[in-house]
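Input: a single structure, listed below in structure tokens.
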Amino acid sequence: MIKIGKYELKNGLMLAPMAGVTDNTFRRLCMRYGAEYTVSEMVCAKALCYEQKAKKKSADVGATASLAEVTVKDMPMAIQLFGSEPEFMAEAAMMIEQLSYKGCRSDTPPAAIDINMGCPVRKITSNGEGSALMKTPELSAKIVRAVCDAVSIPVTVKIRAGWDSSSINAPEFAKALEEAGASLICVHARTKEQLYLPGIDISVIETTKKAVSIPVIGNGDIYSADDAVKMIEQTGCDGVMIGRGAEGNPWIFSEIAARLNGDIYEEPSIEQKLSVALEQLDAMILAKGERVGLAEAKKHMAWYVSGIKDAARARSSIMTSTTALDIKNIFKELLGTK
Ligand SMILES: Cc1cc2nc3c(=O)[nH]c(=O)nc-3n(C[C@H](O)[C@H](O)[C@H](O)COP(=O)(O)O)c2cc1C
């Protein structure tokens with residue numbers, strides 16, 4: 001059991017933040033199927049602060065504010081911030097906790113503020129943000145301290161093993177962040193240099209767990225209950241965070257929970273899977289409008305069909321479809337009902 005503020009997570013099953021993937025529609029589906037905790041897509045702290053100064057009416061204030069939306073039905077959920085300047089990080093965190101930024105559509109503060117110290121994308125690291133912070137532990141601790149001072153909710157941090165194979169520093173880095181006030185650390189067991197390449201060494205999660213007394217969450221390449229159990233048993237981590245393993249498979253959380261609770265897991269039928277996929281498609285279109293909703297939903301729809309007979313053909317039809325009805329017809333064909 002993990003405690004994050006007033007929330008208790010029985011098995012510590014978390015959905016990883018994935019920009020462009022884990023929007024509120026998908027997060028809610030994962031919670032329905034057993035995720036106990038979710039994290040928003042990463043939100044740029046500086047952009048949120050700058051949006052406050054923009055000469056726009058609240059309703060127009062845009063993209064950044066909407067990424068930070070959290071409602072009571074999403075709880076427990078963290079909002080993840082990225083940035084390298086302690087003042088902007090603290091100001092953004094405070095506005096998020098107080099629901100005081102322009103364009104805020106939240107009806108509750110999040111369960112926690114999570115800080116991104118793992119993103120490997122060049123656009124981010126070239127500003128000293130994301131995983132580049134693992135090269136500047138003093139600045140990173142300063143950021144955590146500034147955010148902790150600015151909010152009353154817990155502050156958590158998502159890190160990698162280190163920058164590259166010659167600078168693996170997750171254990172001592174996590175220790176410094178714990179001393180700065182972090183309440184929980186999630187370790188993605190890859191270096192920045194490894195990006196998302198296959199083949200990870202989860203022993204760094206074990207050494208990090210031994211180095212700190214706050215909960216440590218293991219992350220990386222969990223695609224089944226077997227993978228989750230292996231991660232927990234081999235590293236002693238307090239919970240697991242799942243990213244790509246949940247794509248097109250929000251049921252992975254039920255599968256893992258069933259294993260950990262000694263229950264029987266019944267895999268959903270293809271009909272059930274595609275019906276949930278269509279529910280997601282409709283919800284995304286409702287939330288984002290037909291054009292953006294459909295464009296963003298296509299990759300999800302393609303993930304849902306993987307493993308089904310004729311999936312490759314269906315996937316390419318999904319990617320070239322122009323309406324939601326096209327996708328519904330592709331699914332009907334897959335099910336042999338058209
Ligand atoms: C498309 C994509 C977007 C991601 N966006 C974020 C993000 O916004 N914040 C973050 O901390 N990690 C992000 N990640 C990293 C994931 O949270 C996770 O650490 C990584 O995918 C490894 O876990 P997995 O093997 O279960 O997918 C992203 C990963 C992917 C593939």
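We label chains A, B, ... in the order they appear in the structure tokens, count residues from 1 in each chain, and number ligands from 1 in the order shown.
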So which residues are near ligand 1, meaning at most 8 Å away with only C-alpha atoms and all ligand atoms counted, given back as a PyMOL selection string?
chain A and resi 16-21+40-43+80+115-119+130+158-160+187-189+196+219-223+241-246
May I have all residues of stretch 55-184 of chain A that DSSP, computed from the backbone, assigns to helix (DSSP H, G or I), given as number ranges by chain?
A: 58-60, 63-67, 72-74, 86-98, 122-125, 130-135, 137-150, 170-180
Might you pull out every residue within 12 Å of A:Asn329, with only C-alpha atoms counted and same-chain residues fewer than 5 positions away left off, and present them as a ChimeraX atom specification?
/A:274,278,314,317-318,321-324,334-338
Selection file, N, CA, C and O atoms, as an mmCIF file, in the first residue's frame:
data_model
loop_
_atom_site.group_PDB
_atom_site.id
_atom_site.type_symbol
_atom_site.label_atom_id
_atom_site.label_comp_id
_atom_site.auth_asym_id
_atom_site.auth_seq_id
_atom_site.Cartn_x
_atom_site.Cartn_y
_atom_site.Cartn_z
ATOM 1 N N LEU A 274 -13.249 -3.806 -28.749
ATOM 2 C CA LEU A 274 -13.548 -2.816 -29.790
ATOM 3 C C LEU A 274 -14.688 -1.898 -29.360
ATOM 4 O O LEU A 274 -14.741 -0.738 -29.773
ATOM 5 N N LEU A 278 -14.410 2.167 -29.281
ATOM 6 C CA LEU A 278 -15.352 3.116 -29.893
ATOM 7 C C LEU A 278 -15.874 4.111 -28.858
ATOM 8 O O LEU A 278 -16.120 5.271 -29.170
ATOM 9 N N ALA A 314 -6.408 -3.531 -41.160
ATOM 10 C CA ALA A 314 -7.321 -2.639 -40.429
ATOM 11 C C ALA A 314 -6.576 -1.383 -39.966
ATOM 12 O O ALA A 314 -7.081 -0.268 -40.086
ATOM 13 N N SER A 317 -6.159 1.056 -42.734
ATOM 14 C CA SER A 317 -7.442 1.716 -43.056
ATOM 15 C C SER A 317 -7.790 2.743 -41.974
ATOM 16 O O SER A 317 -8.309 3.817 -42.270
ATOM 17 N N ILE A 318 -7.508 2.394 -40.716
ATOM 18 C CA ILE A 318 -7.807 3.337 -39.622
ATOM 19 C C ILE A 318 -7.034 4.642 -39.845
ATOM 20 O O ILE A 318 -7.579 5.729 -39.729
ATOM 21 N N SER A 321 -8.596 6.825 -42.444
ATOM 22 C CA SER A 321 -10.031 7.108 -42.342
ATOM 23 C C SER A 321 -10.250 8.610 -42.106
ATOM 24 O O SER A 321 -9.389 9.293 -41.547
ATOM 25 N N THR A 322 -11.402 9.091 -42.564
ATOM 26 C CA THR A 322 -11.656 10.533 -42.440
ATOM 27 C C THR A 322 -12.847 10.846 -41.533
ATOM 28 O O THR A 322 -13.099 12.003 -41.228
ATOM 29 N N THR A 323 -13.583 9.820 -41.143
ATOM 30 C CA THR A 323 -14.700 10.056 -40.216
ATOM 31 C C THR A 323 -14.730 8.951 -39.149
ATOM 32 O O THR A 323 -14.156 7.866 -39.349
ATOM 33 N N ALA A 324 -15.462 9.239 -38.083
ATOM 34 C CA ALA A 324 -15.628 8.232 -37.031
ATOM 35 C C ALA A 324 -16.384 7.029 -37.593
ATOM 36 O O ALA A 324 -16.117 5.880 -37.216
ATOM 37 N N LEU A 334 -13.958 -6.190 -39.107
ATOM 38 C CA LEU A 334 -13.087 -7.079 -38.317
ATOM 39 C C LEU A 334 -13.893 -8.112 -37.540
ATOM 40 O O LEU A 334 -13.478 -9.254 -37.371
ATOM 41 N N LEU A 335 -15.068 -7.698 -37.084
ATOM 42 C CA LEU A 335 -15.905 -8.600 -36.293
ATOM 43 C C LEU A 335 -16.796 -9.479 -37.168
ATOM 44 O O LEU A 335 -17.561 -10.292 -36.651
ATOM 45 N N GLY A 336 -16.682 -9.238 -38.494
ATOM 46 C CA GLY A 336 -17.506 -10.033 -39.412
ATOM 47 C C GLY A 336 -18.966 -9.692 -39.324
ATOM 48 O O GLY A 336 -19.833 -10.517 -39.657
ATOM 49 N N THR A 337 -19.292 -8.463 -38.903
ATOM 50 C CA THR A 337 -20.707 -8.092 -38.782
ATOM 51 C C THR A 337 -21.106 -7.118 -39.866
ATOM 52 O O THR A 337 -22.107 -6.443 -39.782
ATOM 53 N N LYS A 338 -20.231 -6.997 -40.892
ATOM 54 C CA LYS A 338 -20.588 -6.097 -41.988
ATOM 55 C C LYS A 338 -20.422 -6.807 -43.315
ATOM 56 O O LYS A 338 -19.485 -7.584 -43.472
#
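Taking atom CA of A:Ile285 and atom CA of A:Ser66 as the two end points, the separation is 15.5 Å.
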Selection near A:Arg190, 12 Å with only C-alpha atoms, sequence-local residues under 3 positions removed, as a PyMOL selection string:
chain A and resi 118-120+131+159-165+167-170+186-187+193-205+218-221
With distances taken over only C-alpha atoms, which of A:Val276, A:Leu81, A:Met319, A:Glu290 is nearest to A:Gly248?
A:Val276
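With only C-alpha atoms as the atoms that count, the residue of A:Ala63, A:Leu177, A:Met134, A:Ile4 with the shortest distance to A:Ile113 is A:Ile4.
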I'd like to know which residues of stretch 57-286 of chain A are strand (DSSP E) (by DSSP, run on the backbone); could you write them as an mmCIF file with all heavy atoms, in the first residue's frame?
data_model
loop_
_atom_site.group_PDB
_atom_site.id
_atom_site.type_symbol
_atom_site.label_atom_id
_atom_site.label_comp_id
_atom_site.auth_asym_id
_atom_site.auth_seq_id
_atom_site.Cartn_x
_atom_site.Cartn_y
_atom_site.Cartn_z
ATOM 1 N N MET A 77 -5.107 11.920 -9.009
ATOM 2 C CA MET A 77 -4.332 12.197 -10.218
ATOM 3 C C MET A 77 -3.330 13.309 -9.919
ATOM 4 O O MET A 77 -3.643 14.227 -9.147
ATOM 5 C CB MET A 77 -5.313 12.652 -11.301
ATOM 6 C CG MET A 77 -4.655 13.215 -12.520
ATOM 7 S SD MET A 77 -5.890 13.968 -13.607
ATOM 8 C CE MET A 77 -4.787 14.981 -14.588
ATOM 9 N N ALA A 78 -2.156 13.207 -10.527
ATOM 10 C CA ALA A 78 -1.150 14.262 -10.360
ATOM 11 C C ALA A 78 -1.081 15.097 -11.629
ATOM 12 O O ALA A 78 -1.357 14.594 -12.721
ATOM 13 C CB ALA A 78 0.219 13.640 -10.091
ATOM 14 N N ILE A 79 -0.731 16.346 -11.485
ATOM 15 C CA ILE A 79 -0.395 17.164 -12.651
ATOM 16 C C ILE A 79 1.120 17.196 -12.730
ATOM 17 O O ILE A 79 1.798 17.479 -11.739
ATOM 18 C CB ILE A 79 -0.927 18.620 -12.504
ATOM 19 C CG1 ILE A 79 -2.453 18.647 -12.434
ATOM 20 C CG2 ILE A 79 -0.415 19.476 -13.658
ATOM 21 C CD1 ILE A 79 -3.181 18.346 -13.707
ATOM 22 N N GLN A 80 1.629 16.885 -13.930
ATOM 23 C CA GLN A 80 3.084 16.892 -14.089
ATOM 24 C C GLN A 80 3.554 18.203 -14.725
ATOM 25 O O GLN A 80 3.033 18.625 -15.758
ATOM 26 C CB GLN A 80 3.547 15.745 -14.980
ATOM 27 C CG GLN A 80 5.072 15.671 -15.003
ATOM 28 C CD GLN A 80 5.621 14.640 -15.976
ATOM 29 O OE1 GLN A 80 5.481 14.788 -17.183
ATOM 30 N NE2 GLN A 80 6.245 13.601 -15.458
ATOM 31 N N LEU A 81 4.545 18.813 -14.099
ATOM 32 C CA LEU A 81 5.143 20.045 -14.631
ATOM 33 C C LEU A 81 6.528 19.761 -15.157
ATOM 34 O O LEU A 81 7.252 18.936 -14.599
ATOM 35 C CB LEU A 81 5.278 21.085 -13.512
ATOM 36 C CG LEU A 81 3.983 21.711 -12.982
ATOM 37 C CD1 LEU A 81 4.315 22.623 -11.797
ATOM 38 C CD2 LEU A 81 3.265 22.487 -14.084
ATOM 39 N N PHE A 82 6.904 20.464 -16.229
ATOM 40 C CA PHE A 82 8.316 20.436 -16.606
ATOM 41 C C PHE A 82 8.836 21.866 -16.683
ATOM 42 O O PHE A 82 8.083 22.801 -16.947
ATOM 43 C CB PHE A 82 8.568 19.659 -17.899
ATOM 44 C CG PHE A 82 8.155 20.361 -19.175
ATOM 45 C CD1 PHE A 82 9.066 21.135 -19.890
ATOM 46 C CD2 PHE A 82 6.883 20.219 -19.676
ATOM 47 C CE1 PHE A 82 8.699 21.760 -21.075
ATOM 48 C CE2 PHE A 82 6.494 20.844 -20.856
ATOM 49 C CZ PHE A 82 7.405 21.622 -21.553
ATOM 50 N N ALA A 112 -1.288 15.520 -6.328
ATOM 51 C CA ALA A 112 0.141 15.830 -6.169
ATOM 52 C C ALA A 112 0.607 16.644 -7.369
ATOM 53 O O ALA A 112 -0.054 16.654 -8.407
ATOM 54 C CB ALA A 112 0.952 14.535 -6.088
ATOM 55 N N ILE A 113 1.730 17.296 -7.198
ATOM 56 C CA ILE A 113 2.437 17.887 -8.343
ATOM 57 C C ILE A 113 3.599 16.958 -8.623
ATOM 58 O O ILE A 113 4.396 16.644 -7.731
ATOM 59 C CB ILE A 113 2.982 19.306 -8.007
ATOM 60 C CG1 ILE A 113 1.855 20.303 -7.710
ATOM 61 C CG2 ILE A 113 3.896 19.789 -9.136
ATOM 62 C CD1 ILE A 113 0.999 20.709 -8.892
ATOM 63 N N ASP A 114 3.677 16.478 -9.860
ATOM 64 C CA ASP A 114 4.802 15.637 -10.250
ATOM 65 C C ASP A 114 5.754 16.483 -11.097
ATOM 66 O O ASP A 114 5.312 17.314 -11.887
ATOM 67 C CB ASP A 114 4.284 14.438 -11.077
ATOM 68 C CG ASP A 114 5.404 13.455 -11.381
ATOM 69 O OD1 ASP A 114 6.046 12.970 -10.435
ATOM 70 O OD2 ASP A 114 5.667 13.195 -12.584
ATOM 71 N N ILE A 115 7.046 16.256 -10.920
ATOM 72 C CA ILE A 115 8.026 17.035 -11.685
ATOM 73 C C ILE A 115 8.745 16.103 -12.659
ATOM 74 O O ILE A 115 9.224 15.030 -12.283
ATOM 75 C CB ILE A 115 9.045 17.715 -10.744
ATOM 76 C CG1 ILE A 115 8.287 18.631 -9.769
ATOM 77 C CG2 ILE A 115 10.057 18.518 -11.554
ATOM 78 C CD1 ILE A 115 9.181 19.334 -8.771
ATOM 79 N N ASN A 116 8.783 16.534 -13.911
ATOM 80 C CA ASN A 116 9.389 15.724 -14.965
ATOM 81 C C ASN A 116 10.901 15.928 -14.987
ATOM 82 O O ASN A 116 11.388 17.013 -15.327
ATOM 83 C CB ASN A 116 8.771 16.140 -16.309
ATOM 84 C CG ASN A 116 9.289 15.312 -17.473
ATOM 85 O OD1 ASN A 116 10.451 14.944 -17.512
ATOM 86 N ND2 ASN A 116 8.426 15.036 -18.426
ATOM 87 N N MET A 117 11.631 14.881 -14.613
ATOM 88 C CA MET A 117 13.094 14.920 -14.712
ATOM 89 C C MET A 117 13.552 13.727 -15.545
ATOM 90 O O MET A 117 14.632 13.167 -15.311
ATOM 91 C CB MET A 117 13.733 14.950 -13.320
ATOM 92 C CG MET A 117 13.356 16.194 -12.525
ATOM 93 S SD MET A 117 14.386 16.472 -11.084
ATOM 94 C CE MET A 117 13.628 17.955 -10.383
ATOM 95 N N VAL A 155 4.702 16.520 -3.428
ATOM 96 C CA VAL A 155 5.474 16.753 -4.653
ATOM 97 C C VAL A 155 6.235 15.471 -4.954
ATOM 98 O O VAL A 155 6.929 14.928 -4.079
ATOM 99 C CB VAL A 155 6.443 17.946 -4.465
ATOM 100 C CG1 VAL A 155 7.327 18.120 -5.691
ATOM 101 C CG2 VAL A 155 5.649 19.220 -4.168
ATOM 102 N N THR A 156 6.055 14.967 -6.147
ATOM 103 C CA THR A 156 6.689 13.714 -6.553
ATOM 104 C C THR A 156 7.574 13.992 -7.762
ATOM 105 O O THR A 156 7.413 15.033 -8.412
ATOM 106 C CB THR A 156 5.618 12.667 -6.920
ATOM 107 O OG1 THR A 156 4.886 13.142 -8.052
ATOM 108 C CG2 THR A 156 4.641 12.431 -5.770
ATOM 109 N N VAL A 157 8.494 13.078 -8.060
ATOM 110 C CA VAL A 157 9.393 13.327 -9.196
ATOM 111 C C VAL A 157 9.555 12.058 -10.023
ATOM 112 O O VAL A 157 9.675 10.954 -9.477
ATOM 113 C CB VAL A 157 10.801 13.795 -8.726
ATOM 114 C CG1 VAL A 157 11.627 14.279 -9.918
ATOM 115 C CG2 VAL A 157 10.702 14.905 -7.681
ATOM 116 N N LYS A 158 9.555 12.235 -11.340
ATOM 117 C CA LYS A 158 9.780 11.102 -12.239
ATOM 118 C C LYS A 158 11.153 11.283 -12.881
ATOM 119 O O LYS A 158 11.422 12.315 -13.503
ATOM 120 C CB LYS A 158 8.683 11.062 -13.298
ATOM 121 C CG LYS A 158 8.754 9.857 -14.216
ATOM 122 C CD LYS A 158 7.374 9.582 -14.803
ATOM 123 C CE LYS A 158 7.413 8.504 -15.862
ATOM 124 N NZ LYS A 158 8.045 8.957 -17.109
ATOM 125 N N ILE A 159 12.006 10.290 -12.663
ATOM 126 C CA ILE A 159 13.396 10.393 -13.122
ATOM 127 C C ILE A 159 13.740 9.204 -14.031
ATOM 128 O O ILE A 159 12.937 8.283 -14.183
ATOM 129 C CB ILE A 159 14.386 10.445 -11.927
ATOM 130 C CG1 ILE A 159 14.403 9.107 -11.163
ATOM 131 C CG2 ILE A 159 14.019 11.560 -10.965
ATOM 132 C CD1 ILE A 159 15.458 9.054 -10.037
ATOM 133 N N ARG A 160 14.922 9.224 -14.602
ATOM 134 C CA ARG A 160 15.461 8.063 -15.333
ATOM 135 C C ARG A 160 16.628 7.478 -14.530
ATOM 136 O O ARG A 160 16.975 7.987 -13.458
ATOM 137 C CB ARG A 160 15.943 8.478 -16.724
ATOM 138 C CG ARG A 160 14.791 8.685 -17.702
ATOM 139 C CD ARG A 160 15.273 8.827 -19.128
ATOM 140 N NE ARG A 160 14.142 8.834 -20.044
ATOM 141 C CZ ARG A 160 13.999 8.054 -21.103
ATOM 142 N NH1 ARG A 160 14.963 7.184 -21.432
ATOM 143 N NH2 ARG A 160 12.947 8.130 -21.880
ATOM 144 N N ALA A 161 17.252 6.440 -15.084
ATOM 145 C CA ALA A 161 18.411 5.836 -14.406
ATOM 146 C C ALA A 161 19.551 6.848 -14.299
ATOM 147 O O ALA A 161 20.313 6.851 -13.324
ATOM 148 C CB ALA A 161 18.876 4.607 -15.193
ATOM 149 N N GLY A 162 19.647 7.704 -15.287
ATOM 150 C CA GLY A 162 20.713 8.705 -15.331
ATOM 151 C C GLY A 162 20.770 9.261 -16.744
ATOM 152 O O GLY A 162 19.909 8.953 -17.574
ATOM 153 N N LEU A 184 7.699 11.030 -3.262
ATOM 154 C CA LEU A 184 7.684 9.756 -4.006
ATOM 155 C C LEU A 184 8.537 9.958 -5.252
ATOM 156 O O LEU A 184 8.563 11.048 -5.824
ATOM 157 C CB LEU A 184 6.238 9.432 -4.391
ATOM 158 C CG LEU A 184 5.954 8.226 -5.286
ATOM 159 C CD1 LEU A 184 4.604 7.587 -4.882
ATOM 160 C CD2 LEU A 184 5.893 8.583 -6.766
ATOM 161 N N ILE A 185 9.226 8.885 -5.634
ATOM 162 C CA ILE A 185 10.066 8.952 -6.835
ATOM 163 C C ILE A 185 9.665 7.815 -7.765
ATOM 164 O O ILE A 185 9.529 6.661 -7.325
ATOM 165 C CB ILE A 185 11.574 8.754 -6.485
ATOM 166 C CG1 ILE A 185 12.080 9.810 -5.500
ATOM 167 C CG2 ILE A 185 12.439 8.700 -7.744
ATOM 168 C CD1 ILE A 185 12.384 11.164 -6.063
ATOM 169 N N CYS A 186 9.488 8.132 -9.018
ATOM 170 C CA CYS A 186 9.270 7.073 -10.007
ATOM 171 C C CYS A 186 10.537 6.974 -10.850
ATOM 172 O O CYS A 186 11.050 7.987 -11.327
ATOM 173 C CB CYS A 186 8.076 7.429 -10.897
ATOM 174 S SG CYS A 186 7.913 6.259 -12.258
ATOM 175 N N VAL A 187 11.049 5.755 -11.002
ATOM 176 C CA VAL A 187 12.280 5.572 -11.789
ATOM 177 C C VAL A 187 11.974 4.809 -13.075
ATOM 178 O O VAL A 187 11.542 3.653 -13.037
ATOM 179 C CB VAL A 187 13.348 4.765 -11.005
ATOM 180 C CG1 VAL A 187 14.664 4.720 -11.796
ATOM 181 C CG2 VAL A 187 13.575 5.344 -9.623
ATOM 182 N N HIS A 188 12.183 5.463 -14.216
ATOM 183 C CA HIS A 188 12.146 4.780 -15.510
ATOM 184 C C HIS A 188 13.559 4.225 -15.710
ATOM 185 O O HIS A 188 14.521 4.983 -15.807
ATOM 186 C CB HIS A 188 11.766 5.778 -16.618
ATOM 187 C CG HIS A 188 11.815 5.198 -17.984
ATOM 188 N ND1 HIS A 188 11.736 5.959 -19.135
ATOM 189 C CD2 HIS A 188 11.908 3.919 -18.411
ATOM 190 C CE1 HIS A 188 11.797 5.169 -20.198
ATOM 191 N NE2 HIS A 188 11.912 3.932 -19.785
ATOM 192 N N ALA A 189 13.647 2.888 -15.767
ATOM 193 C CA ALA A 189 14.956 2.230 -15.711
ATOM 194 C C ALA A 189 15.731 2.295 -17.028
ATOM 195 O O ALA A 189 16.277 1.297 -17.493
ATOM 196 C CB ALA A 189 14.775 0.776 -15.275
ATOM 197 N N ARG A 190 15.762 3.443 -17.623
ATOM 198 C CA ARG A 190 16.593 3.660 -18.820
ATOM 199 C C ARG A 190 17.345 4.962 -18.623
ATOM 200 O O ARG A 190 16.868 5.864 -17.928
ATOM 201 C CB ARG A 190 15.729 3.857 -20.077
ATOM 202 C CG ARG A 190 15.190 2.629 -20.700
ATOM 203 C CD ARG A 190 14.548 2.941 -22.048
ATOM 204 N NE ARG A 190 14.105 1.728 -22.677
ATOM 205 C CZ ARG A 190 12.922 1.157 -22.421
ATOM 206 N NH1 ARG A 190 12.078 1.716 -21.585
ATOM 207 N NH2 ARG A 190 12.601 0.037 -23.019
ATOM 208 N N THR A 191 18.495 5.076 -19.297
ATOM 209 C CA THR A 191 19.170 6.378 -19.297
ATOM 210 C C THR A 191 18.532 7.253 -20.374
ATOM 211 O O THR A 191 17.794 6.758 -21.236
ATOM 212 C CB THR A 191 20.664 6.210 -19.633
ATOM 213 O OG1 THR A 191 20.759 5.652 -20.951
ATOM 214 C CG2 THR A 191 21.373 5.305 -18.639
ATOM 215 N N VAL A 216 9.106 4.220 -3.875
ATOM 216 C CA VAL A 216 9.739 4.214 -5.206
ATOM 217 C C VAL A 216 8.856 3.392 -6.144
ATOM 218 O O VAL A 216 8.461 2.268 -5.819
ATOM 219 C CB VAL A 216 11.163 3.621 -5.136
ATOM 220 C CG1 VAL A 216 11.730 3.393 -6.545
ATOM 221 C CG2 VAL A 216 12.077 4.547 -4.351
ATOM 222 N N ILE A 217 8.552 3.982 -7.279
ATOM 223 C CA ILE A 217 7.712 3.322 -8.279
ATOM 224 C C ILE A 217 8.600 2.869 -9.431
ATOM 225 O O ILE A 217 9.414 3.651 -9.929
ATOM 226 C CB ILE A 217 6.632 4.312 -8.814
ATOM 227 C CG1 ILE A 217 5.832 4.928 -7.661
ATOM 228 C CG2 ILE A 217 5.720 3.646 -9.832
ATOM 229 C CD1 ILE A 217 5.072 3.937 -6.808
ATOM 230 N N GLY A 218 8.440 1.623 -9.843
ATOM 231 C CA GLY A 218 9.233 1.084 -10.955
ATOM 232 C C GLY A 218 8.519 1.312 -12.273
ATOM 233 O O GLY A 218 7.309 1.114 -12.367
ATOM 234 N N ASN A 219 9.286 1.697 -13.277
ATOM 235 C CA ASN A 219 8.688 1.978 -14.589
ATOM 236 C C ASN A 219 9.620 1.495 -15.705
ATOM 237 O O ASN A 219 10.828 1.633 -15.606
ATOM 238 C CB ASN A 219 8.432 3.497 -14.705
ATOM 239 C CG ASN A 219 8.061 3.951 -16.115
ATOM 240 O OD1 ASN A 219 8.747 4.772 -16.713
ATOM 241 N ND2 ASN A 219 6.985 3.420 -16.657
ATOM 242 N N GLY A 239 5.406 0.205 -6.101
ATOM 243 C CA GLY A 239 4.316 0.217 -7.064
ATOM 244 C C GLY A 239 4.908 0.232 -8.459
ATOM 245 O O GLY A 239 6.141 0.330 -8.618
ATOM 246 N N VAL A 240 4.052 0.112 -9.467
ATOM 247 C CA VAL A 240 4.559 0.134 -10.839
ATOM 248 C C VAL A 240 3.775 1.154 -11.662
ATOM 249 O O VAL A 240 2.587 1.376 -11.432
ATOM 250 C CB VAL A 240 4.473 -1.257 -11.529
ATOM 251 C CG1 VAL A 240 5.500 -2.205 -10.956
ATOM 252 C CG2 VAL A 240 3.073 -1.844 -11.438
ATOM 253 N N MET A 241 4.483 1.731 -12.606
ATOM 254 C CA MET A 241 3.866 2.702 -13.511
ATOM 255 C C MET A 241 3.939 2.125 -14.915
ATOM 256 O O MET A 241 4.993 1.654 -15.344
ATOM 257 C CB MET A 241 4.616 4.024 -13.405
ATOM 258 C CG MET A 241 3.977 5.142 -14.177
ATOM 259 S SD MET A 241 4.868 6.689 -13.929
ATOM 260 C CE MET A 241 3.886 7.485 -12.687
ATOM 261 N N ILE A 242 2.796 2.163 -15.591
ATOM 262 C CA ILE A 242 2.715 1.530 -16.909
ATOM 263 C C ILE A 242 2.373 2.567 -17.966
ATOM 264 O O ILE A 242 1.417 3.330 -17.801
ATOM 265 C CB ILE A 242 1.647 0.414 -16.882
ATOM 266 C CG1 ILE A 242 2.170 -0.692 -15.964
ATOM 267 C CG2 ILE A 242 1.372 -0.149 -18.267
ATOM 268 C CD1 ILE A 242 1.156 -1.219 -15.040
#
Write out as a VMD selection string each polymer residue whose atoms come within 10 Å of A:Lys6, counting only C-alpha atoms; drop sequence neighbours fewer than 2 positions from it.
chain A and resid 3 to 4 8 76 111 153 to 154
Requested write-out: N, CA and C atoms of the selected residues, as a PDB file, in the first residue's frame:
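Output (out-v7.pdb):
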ATOM      1  N   LYS A   3       0.863   5.531   0.284  1.00  0.00           N
ATOM      2  CA  LYS A   3       0.066   6.709   0.640  1.00  0.00           C
ATOM      3  C   LYS A   3       0.614   7.921  -0.106  1.00  0.00           C
ATOM      4  N   ILE A   4      -0.274   8.634  -0.783  1.00  0.00           N
ATOM      5  CA  ILE A   4       0.138   9.908  -1.399  1.00  0.00           C
ATOM      6  C   ILE A   4      -0.836  10.950  -0.868  1.00  0.00           C
ATOM      7  N   GLU A   8      -4.774   6.468  -0.556  1.00  0.00           N
ATOM      8  CA  GLU A   8      -4.071   5.197  -0.348  1.00  0.00           C
ATOM      9  C   GLU A   8      -4.233   4.348  -1.589  1.00  0.00           C
ATOM     10  N   PRO A  76      -7.486   9.767  -7.634  1.00  0.00           N
ATOM     11  CA  PRO A  76      -6.292  10.578  -7.431  1.00  0.00           C
ATOM     12  C   PRO A  76      -5.453  10.691  -8.711  1.00  0.00           C
ATOM     13  N   ALA A 111      -3.972  15.518  -6.729  1.00  0.00           N
ATOM     14  CA  ALA A 111      -3.480  14.790  -5.556  1.00  0.00           C
ATOM     15  C   ALA A 111      -2.031  15.155  -5.276  1.00  0.00           C
ATOM     16  N   ILE A 153       0.100  20.198  -1.209  1.00  0.00           N
ATOM     17  CA  ILE A 153      -0.048  18.802  -1.647  1.00  0.00           C
ATOM     18  C   ILE A 153       1.339  18.177  -1.858  1.00  0.00           C
ATOM     19  N   PRO A 154       1.418  16.836  -1.901  1.00  0.00           N
ATOM     20  CA  PRO A 154       2.725  16.200  -2.081  1.00  0.00           C
ATOM     21  C   PRO A 154       3.372  16.557  -3.426  1.00  0.00           C
TER      22      PRO A 154
END
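Of the residues listed (A:Ile330, A:Met75, A:Ile264, A:Ala47), A:Ala47 shows the shortest atom-to-atom separation from A:Gly62; distances use only C-alpha atoms.
Atom CA of A:Gly83 is positioned 18.4 Å from atom CA of A:Glu69.
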Env of A:Ser254: 12 Å cut, atoms = only C-alpha atoms, seq-sep filter 3 positions within chain, self excluded. Answer as a VMD selection string.
chain A and resid 11 13 to 14 29 to 36 224 to 225 228 246 249 to 251 257 to 268
